[in-house]
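Q: Got a file for you: upload_38.cif, mmCIF, C-alpha atoms.
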data_data
#
loop_
_atom_site.label_atom_id
_atom_site.label_comp_id
_atom_site.auth_asym_id
_atom_site.auth_seq_id
_atom_site.Cartn_x
_atom_site.Cartn_y
_atom_site.Cartn_z
CA LYS A 1 21.87 -39.91 7.09
CA ASN A 2 18.42 -40.83 5.86
CA LEU A 3 15.13 -39.44 7.20
CA VAL A 4 12.49 -42.17 7.37
CA ARG A 5 8.81 -41.46 8.01
CA LEU A 6 7.56 -43.97 10.56
CA GLN A 7 3.95 -42.91 10.91
CA SER A 8 1.64 -40.04 9.97
CA PHE A 9 -1.80 -39.36 11.39
CA ILE A 10 -4.38 -36.63 11.91
CA THR A 11 -5.58 -35.69 15.38
CA ARG A 12 -8.83 -33.87 16.11
CA TYR A 13 -9.44 -32.05 19.36
CA ARG A 14 -12.97 -31.07 20.37
CA ALA A 15 -14.08 -29.11 23.41
CA PHE A 16 -15.41 -32.21 25.20
CA PRO A 17 -13.95 -34.15 28.14
CA ASN A 18 -11.19 -36.57 27.00
CA GLU A 19 -11.22 -35.05 23.47
CA ASN A 20 -9.89 -31.55 24.12
CA ALA A 21 -6.15 -32.29 24.64
CA LEU A 22 -3.36 -34.83 24.50
CA LEU A 23 -1.77 -34.40 27.88
CA ARG A 24 1.93 -34.58 28.80
CA HIS A 25 3.74 -37.46 27.06
CA ILE A 26 6.86 -38.55 25.17
CA ASP A 27 6.50 -40.05 21.69
CA GLY A 28 7.48 -43.71 21.11
CA ALA A 29 10.88 -45.22 21.88
CA HIS A 30 11.80 -45.68 18.21
CA VAL A 31 10.83 -42.12 17.25
CA ASP A 32 13.80 -39.80 16.64
CA GLY A 33 11.58 -36.77 16.22
CA SER A 34 8.09 -35.48 15.51
CA VAL A 35 6.51 -32.79 13.38
CA ILE A 36 3.19 -31.22 14.34
CA LEU A 37 1.41 -29.15 11.69
CA ALA A 38 -1.69 -27.20 12.74
CA LEU A 39 -4.35 -27.66 10.04
CA PRO A 40 -7.14 -25.29 8.97
CA THR A 41 -10.55 -25.88 10.51
CA ASP A 42 -14.15 -24.92 9.69
CA SER A 43 -14.84 -24.50 13.40
CA PRO A 44 -12.26 -22.05 14.85
CA PHE A 45 -10.96 -23.03 18.27
CA THR A 46 -9.88 -21.23 21.40
CA GLY A 47 -7.05 -22.49 23.57
CA GLY A 48 -4.80 -25.21 22.19
CA GLY A 49 -1.16 -24.93 21.25
CA VAL A 50 1.76 -27.07 22.39
CA THR A 51 3.61 -27.06 25.70
CA VAL A 52 7.16 -28.45 25.88
CA TRP A 53 9.17 -29.25 29.02
CA GLU A 54 12.96 -29.44 28.87
CA GLY A 55 16.09 -29.37 30.97
CA THR A 56 17.13 -29.66 34.58
CA PRO A 57 15.78 -27.71 36.28
CA GLU A 58 12.74 -28.18 34.08
CA VAL A 59 11.74 -25.19 31.95
CA THR A 60 8.27 -24.87 30.39
CA TYR A 61 7.74 -23.44 26.89
CA LYS A 62 4.24 -22.69 25.58
CA TYR A 63 3.77 -22.36 21.81
CA PRO A 64 0.49 -21.18 20.30
CA MET A 65 -0.40 -23.15 17.18
CA ALA A 66 -2.53 -21.31 14.62
CA PRO A 67 -3.47 -23.12 11.38
CA GLY A 68 -0.34 -23.36 9.23
CA ASP A 69 2.07 -23.29 12.21
CA MET A 70 4.52 -26.16 12.61
CA CYS A 71 6.38 -27.48 15.65
CA MET A 72 9.35 -29.87 15.39
CA LEU A 73 10.26 -31.95 18.43
CA ASP A 74 13.39 -33.96 19.16
CA ASN A 75 13.13 -37.45 20.66
CA TYR A 76 12.43 -37.93 24.38
CA VAL A 77 10.95 -34.44 24.80
CA TRP A 78 8.01 -34.13 27.17
CA HIS A 79 5.18 -32.24 25.44
CA GLN A 80 1.42 -31.98 25.20
CA GLY A 81 -1.36 -30.76 22.94
CA ASN A 82 -2.93 -28.11 25.16
CA PRO A 83 -6.67 -28.19 25.92
CA ILE A 84 -9.07 -26.27 23.71
CA THR A 85 -12.18 -24.66 25.21
CA ALA A 86 -14.28 -24.16 22.03
CA GLY A 87 -14.35 -25.27 18.39
CA GLU A 88 -12.21 -27.98 16.79
CA ARG A 89 -8.46 -28.17 16.37
CA TRP A 90 -6.91 -30.45 13.72
CA SER A 91 -3.22 -31.40 13.49
CA LEU A 92 -1.09 -33.54 11.22
CA VAL A 93 1.52 -35.46 13.22
CA ILE A 94 4.51 -37.16 11.61
CA PHE A 95 6.91 -39.45 13.49
CA TYR A 96 10.29 -39.99 11.86
CA ALA A 97 13.58 -41.81 12.40
CA VAL A 98 17.10 -40.97 11.25
CA SER A 99 19.22 -43.84 9.94
CA ASN A 100 22.37 -44.47 7.94
CA LYS A 101 21.35 -44.77 4.30
CA THR A 102 23.79 -47.64 3.72
CA ALA A 103 22.49 -49.57 6.72
CA GLN A 104 18.88 -49.67 5.58
CA THR A 105 17.36 -50.47 2.21
CA SER A 106 14.48 -48.13 1.52
CA ASN A 107 10.95 -49.41 0.98
CA THR A 108 11.16 -48.17 -2.61
CA GLN A 109 14.34 -50.17 -3.26
CA ARG A 110 12.78 -53.31 -1.74
CA LEU A 111 9.67 -52.83 -3.91
CA LEU A 112 11.80 -52.45 -7.04
CA GLN A 113 13.78 -55.59 -6.16
CA THR A 114 10.55 -57.54 -5.65
CA MET A 115 9.12 -56.30 -8.95
CA LYS A 116 12.32 -57.26 -10.82
CA ARG A 117 12.26 -60.77 -9.30
CA ALA A 118 8.58 -61.16 -10.21
CA ALA A 119 9.25 -60.05 -13.80
CA LEU A 120 12.16 -62.51 -14.09
CA ASP A 121 10.01 -65.30 -12.66
CA ARG A 122 7.24 -64.55 -15.20
CA GLN A 123 9.80 -64.43 -18.02
CA LYS A 124 11.28 -67.77 -16.94
CA GLU A 125 7.82 -69.38 -16.75
CA GLN A 126 7.04 -68.15 -20.26
CA GLN A 127 10.36 -69.51 -21.55
CA LEU A 128 9.71 -72.89 -19.92
CA GLU A 129 6.25 -73.00 -21.49
CA GLN A 130 7.89 -72.33 -24.89
CA GLY A 131 10.72 -74.81 -24.24
CA GLN A 132 13.42 -72.12 -23.93
CA GLY A 133 14.29 -72.30 -20.25
CA ASP A 134 17.55 -74.27 -20.32
CA GLU A 135 20.07 -71.44 -19.94
CA GLU A 136 21.11 -69.88 -16.61
CA GLU A 137 19.70 -66.40 -15.86
CA GLU A 138 21.70 -63.53 -14.43
CA ALA A 139 20.55 -62.03 -11.11
CA PRO A 140 19.29 -58.43 -11.46
CA ALA A 141 21.49 -55.66 -10.09
CA VAL A 142 20.37 -54.14 -6.79
CA ALA A 143 19.91 -50.35 -6.80
CA ASP A 144 22.10 -49.73 -3.75
CA GLY A 145 24.92 -52.00 -4.97
CA GLY A 146 24.28 -54.60 -2.26
CA GLU A 147 23.43 -58.26 -2.62
CA ARG A 148 19.96 -59.55 -3.34
CA ASP A 149 18.12 -60.89 -0.30
CA ASP A 150 17.43 -64.20 -2.08
CA ALA A 151 20.89 -64.61 -3.67
CA PRO A 152 22.74 -67.77 -2.58
CA THR A 153 25.77 -67.24 -0.38
CA ALA A 154 28.94 -69.30 -0.94
CA ARG A 155 30.80 -70.41 2.17
CA ALA A 156 34.22 -72.04 2.33
CA ARG A 157 34.64 -75.07 4.54
CA SER A 158 37.89 -75.79 6.32
#
What would the structure in this file look like if it were written as structure tokens?
A:
Amino acid sequence: KNLVRLQSFITRYRAFPNENALLRHIDGAHVDGSVILALPTDSPFTGGGVTVWEGTPEVTYKYPMAPGDMCMLDNYVWHQGNPITAGERWSLVIFYAVSNKTAQTSNTQRLLQTMKRAALDRQKEQQLEQGQGDEEEEAPAVADGGERDDAPTARARS
């Protein structure tokens, strides 16, 4: 399995209406899990933490979140950033997905493939400018052993 970061962002809670909490919610449909990391602050807060609801019958769990604390949530878990009453609370939130490594080419592999194709294209242009572009070039190997996205596909006709 491969852990893929979908999105990362910082949240700031301030002791003002509509800024002091992120009330009960479930993270996005394509999110397999979330990480919440409580960050240090120059303006210490009171209140805060994370509440999680699970099960049938529903059970409530309240977790205080001091700077440096981390909470990991599975997908489809009801939770909230609890209200603060003073100061500022900062958190780093990371959404991630779990996938089969063979089923998905990583962003890094796609970038490397693109860079190799661009280098080959530049090399071919230079050869053509110098009158050396008559021979066939070999397609670069793909890091994961798969086929290139732009490679032609042969099909038999019956």
Q: Could you tell me which residues the PyMOL selection byres ((chain A and resi 2-19) around 10) returns for this structure, as a ChimeraX atom specification?
A: /A:1,20-23,30-39,41,43,45-48,81-104,106-107
Q: Using CA of His79 (chain A) and CA of Pro44 (chain A) as the two end points, give the distance in Å to one decimal.
A: 22.8 Å
Q: Enumerate, as a PyMOL selection string, the residues matched when the PyMOL selection byres ((chain A and resi 52) around 10) is run on the file above.
A: chain A and resi 24-25+50-51+53-54+58-63+73+77-81
Q: When you draw a straight line from CA of Gly68 (chain A) to CA of Gly28 (chain A), how long is it in Å?
A: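 Result for CA of Gly68 (chain A) versus CA of Gly28 (chain A): 24.8 Å, one decimal.
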Q: Could you check how far CA of Leu111 (chain A) sits from CA of Gln130 (chain A), in Å to one decimal?
A: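 Going from CA of Leu111 (chain A) over to CA of Gln130 (chain A), I get 28.7 Å.
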Q: Generate all heavy atoms for region 118-129 of chain A and emit them as a PDB file, in the coordinates of the input.
A:
ATOM      1  N   ALA A 118       9.850 -60.670  -9.672  1.00  0.00           N
ATOM      2  CA  ALA A 118       8.580 -61.160 -10.210  1.00  0.00           C
ATOM      3  C   ALA A 118       8.597 -61.163 -11.729  1.00  0.00           C
ATOM      4  O   ALA A 118       8.129 -62.115 -12.373  1.00  0.00           O
ATOM      5  CB  ALA A 118       7.420 -60.314  -9.684  1.00  0.00           C
ATOM      6  N   ALA A 119       9.158 -60.122 -12.329  1.00  0.00           N
ATOM      7  CA  ALA A 119       9.250 -60.050 -13.800  1.00  0.00           C
ATOM      8  C   ALA A 119      10.141 -61.165 -14.330  1.00  0.00           C
ATOM      9  O   ALA A 119       9.815 -61.810 -15.342  1.00  0.00           O
ATOM     10  CB  ALA A 119       9.778 -58.686 -14.228  1.00  0.00           C
ATOM     11  N   LEU A 120      11.278 -61.419 -13.671  1.00  0.00           N
ATOM     12  CA  LEU A 120      12.160 -62.510 -14.090  1.00  0.00           C
ATOM     13  C   LEU A 120      11.477 -63.864 -13.949  1.00  0.00           C
ATOM     14  O   LEU A 120      11.612 -64.734 -14.812  1.00  0.00           O
ATOM     15  CB  LEU A 120      13.458 -62.489 -13.282  1.00  0.00           C
ATOM     16  CG  LEU A 120      14.485 -61.442 -13.700  1.00  0.00           C
ATOM     17  CD1 LEU A 120      15.652 -61.420 -12.719  1.00  0.00           C
ATOM     18  CD2 LEU A 120      14.988 -61.726 -15.104  1.00  0.00           C
ATOM     19  N   ASP A 121      10.732 -64.045 -12.858  1.00  0.00           N
ATOM     20  CA  ASP A 121      10.010 -65.300 -12.660  1.00  0.00           C
ATOM     21  C   ASP A 121       8.977 -65.504 -13.766  1.00  0.00           C
ATOM     22  O   ASP A 121       8.842 -66.605 -14.308  1.00  0.00           O
ATOM     23  CB  ASP A 121       9.319 -65.328 -11.293  1.00  0.00           C
ATOM     24  CG  ASP A 121      10.302 -65.467 -10.138  1.00  0.00           C
ATOM     25  OD1 ASP A 121      11.480 -65.807 -10.392  1.00  0.00           O
ATOM     26  OD2 ASP A 121       9.895 -65.206  -8.984  1.00  0.00           O
ATOM     27  N   ARG A 122       8.235 -64.454 -14.122  1.00  0.00           N
ATOM     28  CA  ARG A 122       7.240 -64.550 -15.200  1.00  0.00           C
ATOM     29  C   ARG A 122       7.927 -64.873 -16.530  1.00  0.00           C
ATOM     30  O   ARG A 122       7.460 -65.707 -17.291  1.00  0.00           O
ATOM     31  CB  ARG A 122       6.452 -63.239 -15.325  1.00  0.00           C
ATOM     32  CG  ARG A 122       5.289 -63.130 -14.370  1.00  0.00           C
ATOM     33  CD  ARG A 122       4.345 -62.013 -14.750  1.00  0.00           C
ATOM     34  NE  ARG A 122       4.995 -60.719 -14.871  1.00  0.00           N
ATOM     35  CZ  ARG A 122       5.235 -59.877 -13.876  1.00  0.00           C
ATOM     36  NH1 ARG A 122       4.857 -60.197 -12.660  1.00  0.00           N
ATOM     37  NH2 ARG A 122       5.832 -58.722 -14.089  1.00  0.00           N
ATOM     38  N   GLN A 123       9.058 -64.201 -16.785  1.00  0.00           N
ATOM     39  CA  GLN A 123       9.800 -64.430 -18.020  1.00  0.00           C
ATOM     40  C   GLN A 123      10.292 -65.880 -18.082  1.00  0.00           C
ATOM     41  O   GLN A 123      10.184 -66.536 -19.116  1.00  0.00           O
ATOM     42  CB  GLN A 123      10.982 -63.462 -18.092  1.00  0.00           C
ATOM     43  CG  GLN A 123      11.760 -63.545 -19.378  1.00  0.00           C
ATOM     44  CD  GLN A 123      12.921 -62.558 -19.401  1.00  0.00           C
ATOM     45  OE1 GLN A 123      13.428 -62.160 -18.353  1.00  0.00           O
ATOM     46  NE2 GLN A 123      13.328 -62.171 -20.596  1.00  0.00           N
ATOM     47  N   LYS A 124      10.790 -66.401 -16.979  1.00  0.00           N
ATOM     48  CA  LYS A 124      11.280 -67.770 -16.940  1.00  0.00           C
ATOM     49  C   LYS A 124      10.137 -68.766 -17.165  1.00  0.00           C
ATOM     50  O   LYS A 124      10.282 -69.747 -17.898  1.00  0.00           O
ATOM     51  CB  LYS A 124      11.981 -68.053 -15.611  1.00  0.00           C
ATOM     52  CG  LYS A 124      12.704 -69.369 -15.582  1.00  0.00           C
ATOM     53  CD  LYS A 124      13.557 -69.506 -14.353  1.00  0.00           C
ATOM     54  CE  LYS A 124      14.341 -70.797 -14.398  1.00  0.00           C
ATOM     55  NZ  LYS A 124      15.224 -70.952 -13.257  1.00  0.00           N
ATOM     56  N   GLU A 125       8.985 -68.504 -16.546  1.00  0.00           N
ATOM     57  CA  GLU A 125       7.820 -69.380 -16.750  1.00  0.00           C
ATOM     58  C   GLU A 125       7.413 -69.404 -18.209  1.00  0.00           C
ATOM     59  O   GLU A 125       7.098 -70.463 -18.765  1.00  0.00           O
ATOM     60  CB  GLU A 125       6.653 -68.898 -15.882  1.00  0.00           C
ATOM     61  CG  GLU A 125       6.801 -69.203 -14.412  1.00  0.00           C
ATOM     62  CD  GLU A 125       5.678 -68.606 -13.576  1.00  0.00           C
ATOM     63  OE1 GLU A 125       4.666 -68.136 -14.152  1.00  0.00           O
ATOM     64  OE2 GLU A 125       5.814 -68.605 -12.344  1.00  0.00           O
ATOM     65  N   GLN A 126       7.410 -68.221 -18.845  1.00  0.00           N
ATOM     66  CA  GLN A 126       7.040 -68.150 -20.260  1.00  0.00           C
ATOM     67  C   GLN A 126       8.041 -68.917 -21.123  1.00  0.00           C
ATOM     68  O   GLN A 126       7.656 -69.621 -22.059  1.00  0.00           O
ATOM     69  CB  GLN A 126       6.943 -66.690 -20.714  1.00  0.00           C
ATOM     70  CG  GLN A 126       5.772 -65.955 -20.137  1.00  0.00           C
ATOM     71  CD  GLN A 126       5.806 -64.461 -20.426  1.00  0.00           C
ATOM     72  OE1 GLN A 126       6.791 -63.930 -20.919  1.00  0.00           O
ATOM     73  NE2 GLN A 126       4.705 -63.776 -20.107  1.00  0.00           N
ATOM     74  N   GLN A 127       9.337 -68.796 -20.797  1.00  0.00           N
ATOM     75  CA  GLN A 127      10.360 -69.510 -21.550  1.00  0.00           C
ATOM     76  C   GLN A 127      10.203 -71.016 -21.378  1.00  0.00           C
ATOM     77  O   GLN A 127      10.365 -71.781 -22.330  1.00  0.00           O
ATOM     78  CB  GLN A 127      11.760 -69.067 -21.120  1.00  0.00           C
ATOM     79  CG  GLN A 127      12.128 -67.681 -21.581  1.00  0.00           C
ATOM     80  CD  GLN A 127      13.456 -67.208 -21.001  1.00  0.00           C
ATOM     81  OE1 GLN A 127      14.014 -67.824 -20.097  1.00  0.00           O
ATOM     82  NE2 GLN A 127      13.954 -66.101 -21.532  1.00  0.00           N
ATOM     83  N   LEU A 128       9.909 -71.463 -20.162  1.00  0.00           N
ATOM     84  CA  LEU A 128       9.710 -72.890 -19.920  1.00  0.00           C
ATOM     85  C   LEU A 128       8.509 -73.408 -20.700  1.00  0.00           C
ATOM     86  O   LEU A 128       8.539 -74.510 -21.251  1.00  0.00           O
ATOM     87  CB  LEU A 128       9.532 -73.160 -18.423  1.00  0.00           C
ATOM     88  CG  LEU A 128      10.796 -73.062 -17.575  1.00  0.00           C
ATOM     89  CD1 LEU A 128      10.453 -73.169 -16.091  1.00  0.00           C
ATOM     90  CD2 LEU A 128      11.788 -74.150 -17.970  1.00  0.00           C
ATOM     91  N   GLU A 129       7.435 -72.605 -20.736  1.00  0.00           N
ATOM     92  CA  GLU A 129       6.250 -73.000 -21.490  1.00  0.00           C
ATOM     93  C   GLU A 129       6.576 -73.125 -22.977  1.00  0.00           C
ATOM     94  O   GLU A 129       6.003 -73.947 -23.681  1.00  0.00           O
ATOM     95  CB  GLU A 129       5.126 -71.983 -21.286  1.00  0.00           C
ATOM     96  CG  GLU A 129       4.510 -72.040 -19.917  1.00  0.00           C
ATOM     97  CD  GLU A 129       3.498 -70.924 -19.680  1.00  0.00           C
ATOM     98  OE1 GLU A 129       3.247 -70.115 -20.589  1.00  0.00           O
ATOM     99  OE2 GLU A 129       2.957 -70.875 -18.562  1.00  0.00           O
TER     100      GLU A 129
END
